[in-house]
$ cat final.txt   # compact mmCIF, C-alpha atoms
# COMPACT_ATOMS: atom_id res chain seq x y z
CA MET F 1 0.00 0.00 0.00
CA SER F 2 1.32 3.46 -0.89
CA SER F 3 1.65 6.27 1.61
CA PRO F 4 -1.74 7.10 3.13
CA LEU F 5 -0.89 10.74 2.54
CA THR F 6 -1.24 10.25 -1.21
CA GLY F 7 -4.49 8.25 -1.07
CA PRO F 8 -8.10 9.44 -0.76
CA LEU F 9 -7.47 10.45 2.83
CA GLY F 10 -4.44 12.53 1.92
CA ASP F 11 -5.87 16.00 2.63
CA ASP F 12 -7.39 15.00 5.96
CA LEU F 13 -4.28 13.09 7.02
CA ARG F 14 -2.02 16.01 6.15
CA GLN F 15 -4.27 18.29 8.21
CA ALA F 16 -4.19 15.80 11.09
CA ARG F 17 -0.41 15.66 10.86
CA ARG F 18 -0.21 19.47 10.99
CA LEU F 19 -2.49 19.48 14.04
CA ALA F 20 -0.28 16.89 15.75
CA TRP F 21 2.77 19.09 15.22
CA TRP F 22 0.82 22.12 16.48
CA THR F 23 -0.17 20.08 19.53
CA ILE F 24 3.46 19.21 20.27
CA GLY F 25 4.63 22.82 19.80
CA TRP F 26 1.84 24.35 21.83
CA MET F 27 2.02 21.78 24.60
CA ILE F 28 5.78 22.31 24.93
CA SER F 29 5.07 26.01 25.52
CA VAL F 30 2.41 25.06 28.09
CA ILE F 31 4.85 22.65 29.80
CA ALA F 32 7.48 25.41 29.96
CA ILE F 33 5.08 28.03 31.38
CA VAL F 34 3.36 25.73 33.89
CA GLY F 35 6.78 24.35 34.93
CA ALA F 36 8.18 27.86 35.45
CA THR F 37 5.26 28.93 37.66
CA ALA F 38 4.79 25.61 39.53
CA GLY F 39 6.95 26.59 42.50
CA SER F 40 6.41 24.11 45.32
CA SER F 41 2.73 23.61 44.54
CA GLN F 42 1.94 19.92 44.21
CA ALA F 43 -1.22 20.76 42.26
CA MET F 44 0.82 22.62 39.67
CA LYS F 45 3.40 19.84 39.51
CA THR F 46 0.56 17.39 38.86
CA ALA F 47 -0.78 19.65 36.08
CA TRP F 48 2.74 19.82 34.65
CA LEU F 49 3.12 16.01 34.61
CA GLU F 50 -0.29 15.71 32.93
CA ASP F 51 0.77 18.18 30.27
CA ILE F 52 3.84 16.04 29.56
CA LEU F 53 1.68 12.91 29.42
CA SER F 54 -0.68 14.62 26.98
CA LEU F 55 2.10 14.78 24.37
CA ILE F 56 2.02 11.00 23.97
CA PRO F 57 -1.03 10.61 21.65
CA ALA F 58 0.20 13.31 19.26
CA VAL F 59 3.69 11.79 19.13
CA VAL F 60 2.49 8.23 18.59
CA PHE F 61 0.02 9.45 15.95
CA LEU F 62 2.90 10.90 13.94
CA VAL F 63 5.01 7.76 14.39
CA ALA F 64 2.11 5.50 13.38
CA LEU F 65 1.27 7.62 10.35
CA ARG F 66 4.84 7.29 9.16
CA GLN F 67 4.81 3.52 9.73
CA GLU F 68 1.40 3.05 8.11
CA GLY F 69 2.72 4.09 4.71
CA ARG F 70 5.62 1.63 4.66
CA ALA F 71 5.44 -1.08 2.00
CA PRO F 72 5.03 -4.73 3.05
CA ASN F 73 8.24 -6.73 3.09
CA GLU F 74 9.37 -10.25 3.82
CA ARG F 75 9.34 -9.71 7.57
CA PHE F 76 6.05 -7.82 7.53
CA PRO F 77 4.11 -9.28 4.60
CA HIS F 78 0.82 -7.66 5.68
CA GLY F 79 2.34 -4.20 5.79
CA PHE F 80 2.13 -1.77 8.68
CA LEU F 81 -1.52 -0.73 8.76
CA ARG F 82 -1.84 -1.96 12.30
CA ALA F 83 0.78 0.50 13.52
CA ASN F 84 -2.27 2.68 14.05
CA GLY F 85 -3.63 0.03 16.42
CA ILE F 86 -0.43 -0.02 18.47
CA ALA F 87 -0.49 3.78 18.63
CA PHE F 88 -4.11 3.61 19.75
CA LEU F 89 -3.21 1.23 22.58
CA VAL F 90 -0.33 3.48 23.71
CA SER F 91 -2.64 6.55 23.63
CA ALA F 92 -5.35 4.69 25.55
CA VAL F 93 -2.83 3.67 28.21
CA ALA F 94 -1.63 7.31 28.46
CA LEU F 95 -5.20 8.62 28.81
CA SER F 96 -6.11 6.00 31.41
CA GLY F 97 -2.82 6.63 33.20
CA MET F 98 -3.57 10.33 33.34
CA GLY F 99 -7.04 9.70 34.81
CA GLY F 100 -5.66 7.19 37.32
CA PHE F 101 -2.80 9.45 38.33
CA LEU F 102 -5.17 12.36 38.85
CA LEU F 103 -7.56 10.25 40.93
CA VAL F 104 -4.79 8.82 43.15
CA GLU F 105 -3.20 12.26 43.63
CA SER F 106 -6.49 13.89 44.60
CA LEU F 107 -7.44 11.06 46.97
CA ARG F 108 -4.00 11.23 48.57
CA THR F 109 -4.26 15.01 49.03
CA LEU F 110 -7.71 14.70 50.58
CA ALA F 111 -6.77 11.74 52.80
CA GLN F 112 -3.63 13.44 54.10
CA ARG F 113 -5.44 16.78 54.43
CA GLU F 114 -2.53 18.29 52.54
CA HIS F 115 -2.56 22.09 52.81
CA VAL F 116 -0.82 23.72 49.87
CA SER F 117 1.46 26.67 50.50
CA ILE F 118 1.60 29.24 47.72
CA LEU F 119 4.11 31.93 48.59
CA PRO F 120 4.31 35.40 47.08
CA LEU F 121 6.94 36.38 44.57
CA ALA F 122 9.15 39.46 44.93
CA VAL F 123 8.76 41.68 41.88
CA GLY F 124 10.95 44.77 42.23
CA ASN F 125 9.90 46.53 45.40
CA THR F 126 6.59 44.77 45.73
CA THR F 127 5.35 41.23 46.16
CA VAL F 128 2.68 39.39 44.18
CA TRP F 129 0.88 36.27 45.35
CA SER F 130 2.26 33.64 42.97
CA GLY F 131 -1.17 31.97 42.83
CA TRP F 132 -2.15 34.66 40.30
CA LEU F 133 0.74 33.64 38.04
CA MET F 134 -0.25 29.99 38.42
CA ILE F 135 -3.86 30.80 37.50
CA GLY F 136 -2.61 32.73 34.45
CA ALA F 137 -0.41 29.80 33.39
CA LEU F 138 -3.24 27.29 33.89
CA LEU F 139 -5.70 29.43 31.92
CA TYR F 140 -3.15 29.64 29.12
CA SER F 141 -2.82 25.85 29.27
CA VAL F 142 -6.59 25.60 28.61
CA ILE F 143 -6.59 27.55 25.32
CA PRO F 144 -4.55 25.28 23.00
CA PRO F 145 -6.35 22.03 23.96
CA VAL F 146 -9.80 23.61 23.45
CA LEU F 147 -8.88 24.87 19.98
CA LEU F 148 -7.05 21.69 18.97
CA ALA F 149 -9.71 19.28 20.25
CA ARG F 150 -12.42 21.13 18.28
CA ARG F 151 -10.45 20.67 15.07
CA LYS F 152 -9.34 17.09 15.73
CA LEU F 153 -12.73 15.53 16.46
CA PRO F 154 -14.34 15.97 12.98
CA LEU F 155 -11.07 14.87 11.36
CA ALA F 156 -10.91 11.77 13.55
CA ARG F 157 -14.47 10.90 12.46
CA ARG F 158 -13.70 11.32 8.77
CA LEU F 159 -10.46 9.36 9.06
CA GLN F 160 -11.93 6.81 11.49
CA ASP F 161 -8.72 7.35 13.39
CA LYS F 162 -8.94 6.18 16.96
CA VAL F 163 -5.50 7.58 17.84
CA LEU F 164 -6.57 11.05 16.73
CA HIS F 165 -9.85 10.61 18.59
CA THR F 166 -7.99 9.59 21.77
CA ASP F 167 -5.69 12.56 21.24
CA ALA F 168 -8.78 14.81 21.14
CA MET F 169 -10.01 13.14 24.34
CA MET F 170 -6.62 13.81 25.88
CA GLN F 171 -6.94 17.48 24.93
CA LYS F 172 -10.38 17.52 26.53
CA ALA F 173 -8.83 16.00 29.67
CA ASP F 174 -6.12 18.64 29.48
CA TRP F 175 -8.41 21.65 29.32
CA MET F 176 -10.62 20.23 32.03
CA THR F 177 -7.68 19.68 34.38
CA GLY F 178 -6.29 23.12 33.51
CA ALA F 179 -9.61 24.79 34.32
CA ALA F 180 -10.00 22.71 37.48
CA GLY F 181 -6.43 23.55 38.45
CA ALA F 182 -7.08 27.29 38.06
CA ALA F 183 -10.27 26.97 40.13
CA GLY F 184 -8.32 24.92 42.63
CA VAL F 185 -5.52 27.46 43.02
CA LEU F 186 -8.16 30.19 43.48
CA GLY F 187 -9.85 27.92 46.04
CA VAL F 188 -6.53 27.53 47.89
CA GLY F 189 -6.23 31.33 47.82
CA LEU F 190 -9.68 31.59 49.38
CA GLY F 191 -8.62 29.24 52.17
CA LEU F 192 -10.37 26.15 50.76
CA TRP F 193 -7.45 23.74 50.90
CA TRP F 194 -9.58 20.85 49.56
CA ALA F 195 -10.96 22.69 46.49
CA ASP F 196 -8.17 21.75 44.10
CA ALA F 197 -8.11 18.06 45.03
CA LEU F 198 -11.91 17.75 44.93
CA ALA F 199 -12.18 19.35 41.47
CA ALA F 200 -9.36 17.15 40.17
CA GLY F 201 -10.97 14.05 41.69
CA VAL F 202 -14.33 14.71 40.02
CA ILE F 203 -12.70 15.31 36.64
CA SER F 204 -10.53 12.20 36.96
CA PHE F 205 -13.67 10.02 36.69
CA SER F 206 -14.54 11.50 33.29
CA ILE F 207 -10.96 11.03 32.06
CA LEU F 208 -10.82 7.47 33.39
CA HIS F 209 -14.15 6.69 31.68
CA ASP F 210 -12.77 7.86 28.31
CA GLY F 211 -9.42 6.13 28.94
CA ILE F 212 -10.84 2.76 29.96
CA GLY F 213 -13.28 2.84 27.01
CA ALA F 214 -10.35 3.47 24.66
CA LEU F 215 -8.33 0.73 26.35
CA ARG F 216 -11.16 -1.79 25.87
CA THR F 217 -11.49 -0.90 22.19
CA ALA F 218 -7.71 -1.01 21.64
CA SER F 219 -7.53 -4.43 23.32
CA ALA F 220 -10.44 -5.67 21.20
CA GLU F 221 -8.58 -4.59 18.06
CA LEU F 222 -5.45 -6.45 19.17
CA ILE F 223 -7.34 -9.73 19.57
CA ASP F 224 -9.12 -9.31 16.23
CA GLY F 225 -12.42 -8.26 17.74
CA ALA F 226 -15.07 -6.80 15.45
CA PRO F 227 -14.51 -3.08 14.71
CA ARG F 228 -15.71 -0.79 17.47
CA SER F 229 -17.19 2.66 17.10
CA LEU F 230 -14.89 5.64 17.44
CA ASP F 231 -16.32 6.99 20.67
CA GLY F 232 -17.52 3.91 22.49
CA THR F 233 -17.19 0.16 22.88
CA ASP F 234 -20.23 -0.78 20.73
CA LEU F 235 -19.69 -2.31 17.29
CA ALA F 236 -19.12 0.31 14.58
CA ASP F 237 -22.26 0.97 12.49
CA ASP F 238 -20.45 0.46 9.18
CA ALA F 239 -18.97 -2.85 10.37
CA ARG F 240 -22.41 -4.04 11.45
CA ALA F 241 -23.89 -3.05 8.06
CA LEU F 242 -21.04 -4.81 6.26
CA ILE F 243 -21.70 -8.05 8.14
CA GLU F 244 -25.38 -7.83 7.15
CA ALA F 245 -24.51 -7.11 3.50
CA LEU F 246 -22.11 -10.08 3.33
CA ARG F 247 -24.66 -12.40 4.97
CA ARG F 248 -27.28 -11.21 2.50
CA ASP F 249 -24.99 -11.80 -0.50
CA PHE F 250 -23.64 -15.11 0.80
CA PRO F 251 -26.45 -16.87 2.64
CA GLY F 252 -25.24 -19.42 5.15
CA ALA F 253 -21.74 -17.90 5.27
CA VAL F 254 -19.80 -17.33 8.46
CA VAL F 255 -18.74 -13.69 8.35
CA ARG F 256 -15.98 -12.27 10.47
CA VAL F 257 -14.83 -8.65 10.36
CA ARG F 258 -11.93 -7.00 12.12
CA ASP F 259 -10.06 -3.71 12.26
CA THR F 260 -6.59 -3.26 10.87
CA GLY F 261 -5.86 0.26 11.99
CA ARG F 262 -8.48 2.49 10.36
CA TYR F 263 -9.40 -0.20 7.79
CA ILE F 264 -11.85 -3.10 7.95
CA ARG F 265 -11.06 -6.59 6.68
CA ALA F 266 -13.73 -9.23 6.28
CA GLU F 267 -13.41 -12.98 6.12
CA VAL F 268 -16.20 -15.09 4.62
CA SER F 269 -16.20 -18.85 5.10
CA GLU F 270 -18.43 -21.89 4.57
CA VAL F 271 -19.48 -20.67 1.07
CA ASP F 272 -18.01 -20.85 -2.44
CA PRO F 273 -16.14 -17.68 -3.33
CA PRO F 274 -17.53 -15.62 -6.21
CA THR F 275 -15.48 -15.27 -9.39
CA VAL F 276 -15.67 -11.48 -9.13
CA LEU F 277 -16.49 -9.37 -6.11
CA ASP F 278 -17.35 -5.70 -6.53
CA LEU F 279 -16.29 -4.10 -3.25
CA ASP F 280 -17.79 -0.73 -4.25
CA ARG F 281 -21.20 -2.36 -4.65
CA LEU F 282 -20.78 -4.45 -1.53
CA TRP F 283 -19.83 -1.52 0.75
CA PRO F 284 -22.99 -0.59 2.63
CA GLY F 285 -21.75 2.65 4.13
CA PRO F 286 -21.50 6.13 2.62
CA PRO F 287 -19.42 6.11 -0.60
CA GLU F 288 -16.93 8.62 0.75
CA ARG F 289 -16.02 6.03 3.37
CA ARG F 290 -15.61 3.14 0.96
CA TRP F 291 -11.88 3.20 1.63
CA ARG F 292 -12.61 1.64 5.03
CA LEU F 293 -13.11 -1.76 3.44
CA ALA F 294 -9.57 -2.90 2.69
CA ALA F 295 -10.24 -6.53 1.73
CA VAL F 296 -12.71 -9.40 1.74
CA SER F 297 -11.13 -12.82 1.80
CA PHE F 298 -12.80 -16.21 1.38
CA VAL F 299 -11.94 -19.37 3.25
CA PRO F 300 -12.75 -22.68 1.53
CA ARG F 301 -15.59 -24.79 2.94
CA SER F 302 -14.54 -27.17 5.71
CA GLY F 303 -13.26 -30.34 4.13
CA ASP F 304 -12.77 -28.68 0.71
CA ALA F 305 -9.04 -28.09 1.22
CA MET K 1 -17.36 45.78 38.87
CA LEU K 2 -13.66 46.69 38.87
CA LEU K 3 -13.89 47.65 42.54
CA VAL K 4 -15.55 44.33 43.40
CA GLY K 5 -12.84 42.50 41.43
CA ALA K 6 -10.06 44.47 43.07
CA SER K 7 -11.42 43.92 46.58
CA ALA K 8 -11.89 40.19 45.85
CA CYS K 9 -8.26 40.02 44.67
CA ALA K 10 -7.09 41.85 47.77
CA ALA K 11 -8.87 39.27 49.94
CA VAL K 12 -6.71 36.52 48.42
CA PRO K 13 -4.88 34.68 49.84
CA ARG K 14 -6.74 33.65 52.98
CA ASP K 15 -5.75 31.11 55.64
CA PRO K 16 -7.73 27.87 55.93
CA ASP K 17 -7.21 27.93 59.70
CA GLY K 18 -7.41 31.72 60.02
CA THR K 19 -3.93 32.31 61.49
CA LEU K 20 -3.54 35.93 60.31
CA GLU K 21 -7.06 36.89 61.43
CA ARG K 22 -6.47 35.33 64.84
CA VAL K 23 -3.10 37.06 65.23
CA ARG K 24 -4.66 40.43 64.39
CA GLU K 25 -7.60 39.90 66.73
CA ALA K 26 -5.63 38.46 69.66
CA ARG K 27 -2.73 40.87 69.04
CA THR K 28 -0.22 38.15 69.72
CA PHE K 29 1.55 35.44 67.77
CA SER K 30 3.45 32.45 69.11
CA VAL K 31 7.07 32.12 68.02
CA GLY K 32 9.45 29.22 68.49
CA VAL K 33 13.09 30.34 68.54
CA ILE K 34 15.50 27.48 67.95
CA ALA K 35 18.08 27.35 70.79
CA PRO K 36 21.37 28.67 69.45
CA GLY K 37 23.91 26.02 68.35
CA PRO K 38 27.72 26.24 68.27
CA HIS K 39 27.65 28.28 65.06
CA ALA K 40 24.96 30.70 66.13
CA THR K 41 25.55 34.31 65.29
CA ASP K 42 24.04 37.38 66.88
CA ARG K 43 20.31 37.68 67.31
CA ARG K 44 19.83 40.99 65.52
CA HIS K 45 18.20 39.32 62.51
CA HIS K 46 15.70 37.48 64.74
CA GLU K 47 14.77 40.63 66.53
CA ALA K 48 14.49 42.79 63.43
CA PHE K 49 12.31 40.15 61.79
CA LEU K 50 9.98 39.74 64.78
CA ASP K 51 9.74 43.55 65.17
CA GLY K 52 8.76 43.83 61.52
CA VAL K 53 6.06 41.13 61.81
CA SER K 54 4.77 42.90 64.95
CA ARG K 55 4.43 46.16 63.05
CA ARG K 56 2.65 44.50 60.12
CA THR K 57 0.13 42.71 62.32
CA ASN K 58 -0.08 45.10 65.26
CA ALA K 59 0.59 42.09 67.51
CA SER K 60 3.36 41.04 69.92
CA PRO K 61 5.42 37.86 69.74
CA ALA K 62 5.12 35.29 72.54
CA VAL K 63 8.51 33.56 72.35
CA THR K 64 9.38 29.98 73.31
CA VAL K 65 13.00 28.86 73.06
CA GLY K 66 13.70 25.16 72.46
CA ALA K 67 15.16 22.42 70.28
CA ALA K 68 14.38 22.54 66.57
CA GLU K 69 12.66 19.14 66.51
CA ARG K 70 10.19 20.03 69.25
CA LEU K 71 9.43 23.50 67.92
CA LEU K 72 8.90 22.36 64.35
CA SER K 73 6.62 19.54 65.54
CA GLU K 74 4.57 22.09 67.44
CA LEU K 75 4.46 24.35 64.41
CA GLU K 76 3.22 21.47 62.26
CA ALA K 77 0.54 20.68 64.83
CA GLY K 78 -0.61 24.33 64.86
CA ARG K 79 0.51 25.12 68.41
CA LEU K 80 3.05 27.70 67.15
CA ASP K 81 2.60 30.33 64.44
CA LEU K 82 6.20 30.46 63.28
CA VAL K 83 9.65 29.08 64.03
CA ILE K 84 12.89 30.95 63.46
CA GLY K 85 16.48 29.81 63.87
CA GLU K 86 19.49 28.09 62.36
CA LEU K 87 18.55 25.04 60.31
CA ALA K 88 20.28 22.85 57.74
CA GLU K 89 19.72 24.27 54.27
CA ARG K 90 18.24 20.96 53.10
CA SER K 91 16.32 20.20 56.28
CA PRO K 92 13.86 17.30 55.92
CA TRP K 93 11.36 19.48 57.79
CA ARG K 94 10.60 21.14 54.45
CA GLU K 95 8.14 18.29 53.90
CA HIS K 96 6.21 19.14 57.04
CA VAL K 97 6.32 22.92 57.30
CA THR K 98 6.76 25.75 54.81
CA MET K 99 10.23 27.27 54.76
CA LEU K 100 10.40 30.88 53.63
CA PRO K 101 13.46 32.21 51.83
CA PRO K 102 16.25 32.29 54.44
CA LEU K 103 16.93 35.52 56.29
CA ARG K 104 20.60 34.98 55.89
CA ALA K 105 22.61 32.09 54.45
CA ALA K 106 25.60 30.90 56.43
CA ALA K 107 27.87 28.03 55.47
CA HIS K 108 29.80 26.19 58.16
CA GLY K 109 32.06 23.72 56.45
CA GLU K 110 30.04 21.03 54.72
CA ALA K 111 26.92 21.45 56.83
CA ALA K 112 25.36 24.51 55.23
CA THR K 113 22.89 26.17 57.56
CA VAL K 114 20.58 29.09 57.05
CA LEU K 115 18.69 31.40 59.34
CA ALA K 116 15.34 29.90 58.54
CA VAL K 117 11.79 31.13 59.04
CA ALA K 118 9.09 28.47 58.92
CA GLY K 119 5.31 28.68 58.94
CA ARG K 120 2.48 26.15 58.76
CA HIS K 121 1.63 24.61 55.40
CA GLY K 122 -1.29 26.29 53.66
CA GLU K 123 -1.68 29.37 55.87
CA ASN K 124 -1.07 31.49 52.83
CA ALA K 125 -2.13 34.92 54.13
CA TRP K 126 0.07 34.53 57.21
CA LEU K 127 2.94 33.16 55.10
CA ALA K 128 2.59 36.19 52.80
CA VAL K 129 3.10 38.53 55.80
CA LEU K 130 6.21 36.57 56.85
CA PHE K 131 7.46 36.55 53.25
CA ASP K 132 7.03 40.34 52.93
CA GLU K 133 9.06 40.87 56.09
CA VAL K 134 11.83 38.46 54.99
CA THR K 135 11.97 40.29 51.64
CA ARG K 136 12.17 43.69 53.38
CA ILE K 137 15.00 42.61 55.69
CA ASN K 138 16.97 40.87 52.96
CA GLY K 139 16.48 43.91 50.70
CA ALA K 140 17.69 46.27 53.42
CA ALA K 141 20.75 44.08 54.09
CA ARG K 142 21.89 44.33 50.42
$ encode --input "final.txt" --output "structure tokens"
Amino acid sequence: MSSPLTGPLGDDLRQARRLAWWTIGWMISVIAIVGATAGSSQAMKTAWLEDILSLIPAVVFLVALRQEGRAPNERFPHGFLRANGIAFLVSAVALSGMGGFLLVESLRTLAQREHVSILPLAVGNTTVWSGWLMIGALLYSVIPPVLLARRKLPLARRLQDKVLHTDAMMQKADWMTGAAGAAGVLGVGLGLWWADALAAGVISFSILHDGIGALRTASAELIDGAPRSLDGTDLADDARALIEALRRDFPGAVVRVRDTGRYIRAEVSEVDPPTVLDLDRLWPGPPERRWRLAAVSFVPRSGDA
Amino acid sequence: MLLVGASACAAVPRDPDGTLERVREARTFSVGVIAPGPHATDRRHHEAFLDGVSRRTNASPAVTVGAAERLLSELEAGRLDLVIGELAERSPWREHVTMLPPLRAAAHGEAATVLAVAGRHGENAWLAVLFDEVTRINGAAR
């Protein structure tokens, strides 16, 4: 298979690649600013670690995209389409890890009744409470993920790219933790020592929900499970329709479908293969997503071999 | 709107356990002074610092002199408002109490010690008063 960037998905993939690079650049600036203002605040250090973690999906997306276009060879005769699946698993682990880390940190802070000290900062002849700088840094950290997530989600749907979708979920997690962090620092400033940890704890459930869902889907893909939808663990609509179409065209056949990265492969057994198979006619989904169906293979009837 | 915003900003930070409010109302704050060790220098810095905090809060210090361990434990438990004295620069007590920038750094061979001021974790309004006074004294000393 040629580079995916030159195929029908080329424009969208190039845009996704640009967004991934923007994510890396912007998040590095966020990491630098949050790191510089973190001081001794554990909440800020946690936000900083999360920002570092949030680079993972964008990085693995770029690596997988590069791998996906490599030609099959003797050692990898099926090509590298499933690099996307590996990247998806890595991203899902990162997202789940972020949710878990946030939950453990907030529970620990609440259990130990940890009171955060935020000291002022000497600026010339005056002093400024450094919480204001932290709030500024955290609010800045919210802007890039909001903008990037809004642009990544429709692309991920068009490309059926679960890595990009998980990356968008990671950006959602990022802006939510940034906003919660800013509210938390303000809460600490108002004498509510528990505000930061409580906000982070509540948000960690939403992140964990997204992360564990992605982890289940990524695991299903690795064990050749039927293709799952982009934003849940149910079977994908187009995969379900394809199974029905194949059963209709080949009555009595056993039909199995699976994901190879963003593509679907189907296996039909217990029937005689047709001499010609028109995949364009067979594809039950919208024509612009016909590319999803990479191959239909036939297995001889039992005992025929 | 601006006035409301400005007054809200001025009210931040506050103390979860109300140390600064209590000090201002009771007009006294409890200080643990670490008993001088073999390298102790004169006490002018202590006195200037405590005088400055008194002026800022309109309260008087109630001083207890003792060993660092006992005083810092009492500070952590909330029975003292601040501790001042010579401490190792990398004291493990940093985990338990908040160390402000040192009033004066002093190195004695390999065991670097500083004239440290410590307050309770999270009492951010009170810590801000202590920080302002440390900054003033260190600025004046330059």
$ atom_distance --input "final.txt" --atom1 "atom CA of Ala266 of chain F" --atom2 "atom CA of Arg240 of chain F"
11.4 Å
$ atom_distance --input "final.txt" --atom1 "atom CA of Ile24 of chain F" --atom2 "atom CA of Leu55 of chain F"
6.2 Å
$ atom_distance --input "final.txt" --atom1 "atom CA of Gly52 of chain K" --atom2 "atom CA of Ile137 of chain K"
8.6 Å
$ residues_around --input "final.txt" --residues "segment 74-89 of chain K" --least-positions-apart "6" --cutoff "8 Å" --atoms "all atoms listed in the file" --output "number ranges by chain"
K: 19, 29-37, 40, 46, 68, 96-97, 111-121
$ interface_residues --input "final.txt" --of "chain F" --to "chain K" --cutoff "12 Å" --atoms "all atoms listed in the file" --output "PyMOL selection string"
chain F and resi 40-42+112-132+185-195
$ closest_residue --input "final.txt" --among "F:Asp174, F:Glu105, F:Asp237, F:Glu50" --to "Tyr140 of chain F" --atoms "all atoms listed in the file"
F:Asp174
$ closest_residue --input "final.txt" --among "F:Gly69, F:Gly232, F:Gly25, F:Gly201" --to "Thr109 of chain F" --atoms "all atoms listed in the file"
F:Gly201
$ residues_around --input "final.txt" --residues "Leu102 of chain F" --least-positions-apart "4" --cutoff "12 Å" --atoms "only C-alpha atoms" --output "mmCIF file with C-alpha atoms, keeping the file's coordinate frame"
data_model
loop_
_atom_site.group_PDB
_atom_site.id
_atom_site.type_symbol
_atom_site.label_atom_id
_atom_site.label_comp_id
_atom_site.auth_asym_id
_atom_site.auth_seq_id
_atom_site.Cartn_x
_atom_site.Cartn_y
_atom_site.Cartn_z
ATOM 1 C CA GLN F 42 1.940 19.920 44.210
ATOM 2 C CA ALA F 43 -1.220 20.760 42.260
ATOM 3 C CA MET F 44 0.820 22.620 39.670
ATOM 4 C CA LYS F 45 3.400 19.840 39.510
ATOM 5 C CA THR F 46 0.560 17.390 38.860
ATOM 6 C CA ALA F 47 -0.780 19.650 36.080
ATOM 7 C CA TRP F 48 2.740 19.820 34.650
ATOM 8 C CA LEU F 49 3.120 16.010 34.610
ATOM 9 C CA GLU F 50 -0.290 15.710 32.930
ATOM 10 C CA ASP F 51 0.770 18.180 30.270
ATOM 11 C CA LEU F 53 1.680 12.910 29.420
ATOM 12 C CA LEU F 95 -5.200 8.620 28.810
ATOM 13 C CA SER F 96 -6.110 6.000 31.410
ATOM 14 C CA GLY F 97 -2.820 6.630 33.200
ATOM 15 C CA MET F 98 -3.570 10.330 33.340
ATOM 16 C CA SER F 106 -6.490 13.890 44.600
ATOM 17 C CA LEU F 107 -7.440 11.060 46.970
ATOM 18 C CA ARG F 108 -4.000 11.230 48.570
ATOM 19 C CA THR F 109 -4.260 15.010 49.030
ATOM 20 C CA ALA F 173 -8.830 16.000 29.670
ATOM 21 C CA ASP F 174 -6.120 18.640 29.480
ATOM 22 C CA MET F 176 -10.620 20.230 32.030
ATOM 23 C CA THR F 177 -7.680 19.680 34.380
ATOM 24 C CA ALA F 180 -10.000 22.710 37.480
ATOM 25 C CA GLY F 181 -6.430 23.550 38.450
ATOM 26 C CA ASP F 196 -8.170 21.750 44.100
ATOM 27 C CA ALA F 197 -8.110 18.060 45.030
ATOM 28 C CA LEU F 198 -11.910 17.750 44.930
ATOM 29 C CA ALA F 199 -12.180 19.350 41.470
ATOM 30 C CA ALA F 200 -9.360 17.150 40.170
ATOM 31 C CA GLY F 201 -10.970 14.050 41.690
ATOM 32 C CA VAL F 202 -14.330 14.710 40.020
ATOM 33 C CA ILE F 203 -12.700 15.310 36.640
ATOM 34 C CA SER F 204 -10.530 12.200 36.960
ATOM 35 C CA PHE F 205 -13.670 10.020 36.690
ATOM 36 C CA SER F 206 -14.540 11.500 33.290
ATOM 37 C CA ILE F 207 -10.960 11.030 32.060
ATOM 38 C CA LEU F 208 -10.820 7.470 33.390
#
$ closest_residue --input "final.txt" --among "F:Phe250, F:Leu235, F:Pro287, F:Leu282" --to "Ser269 of chain F" --atoms "all atoms listed in the file"
F:Phe250
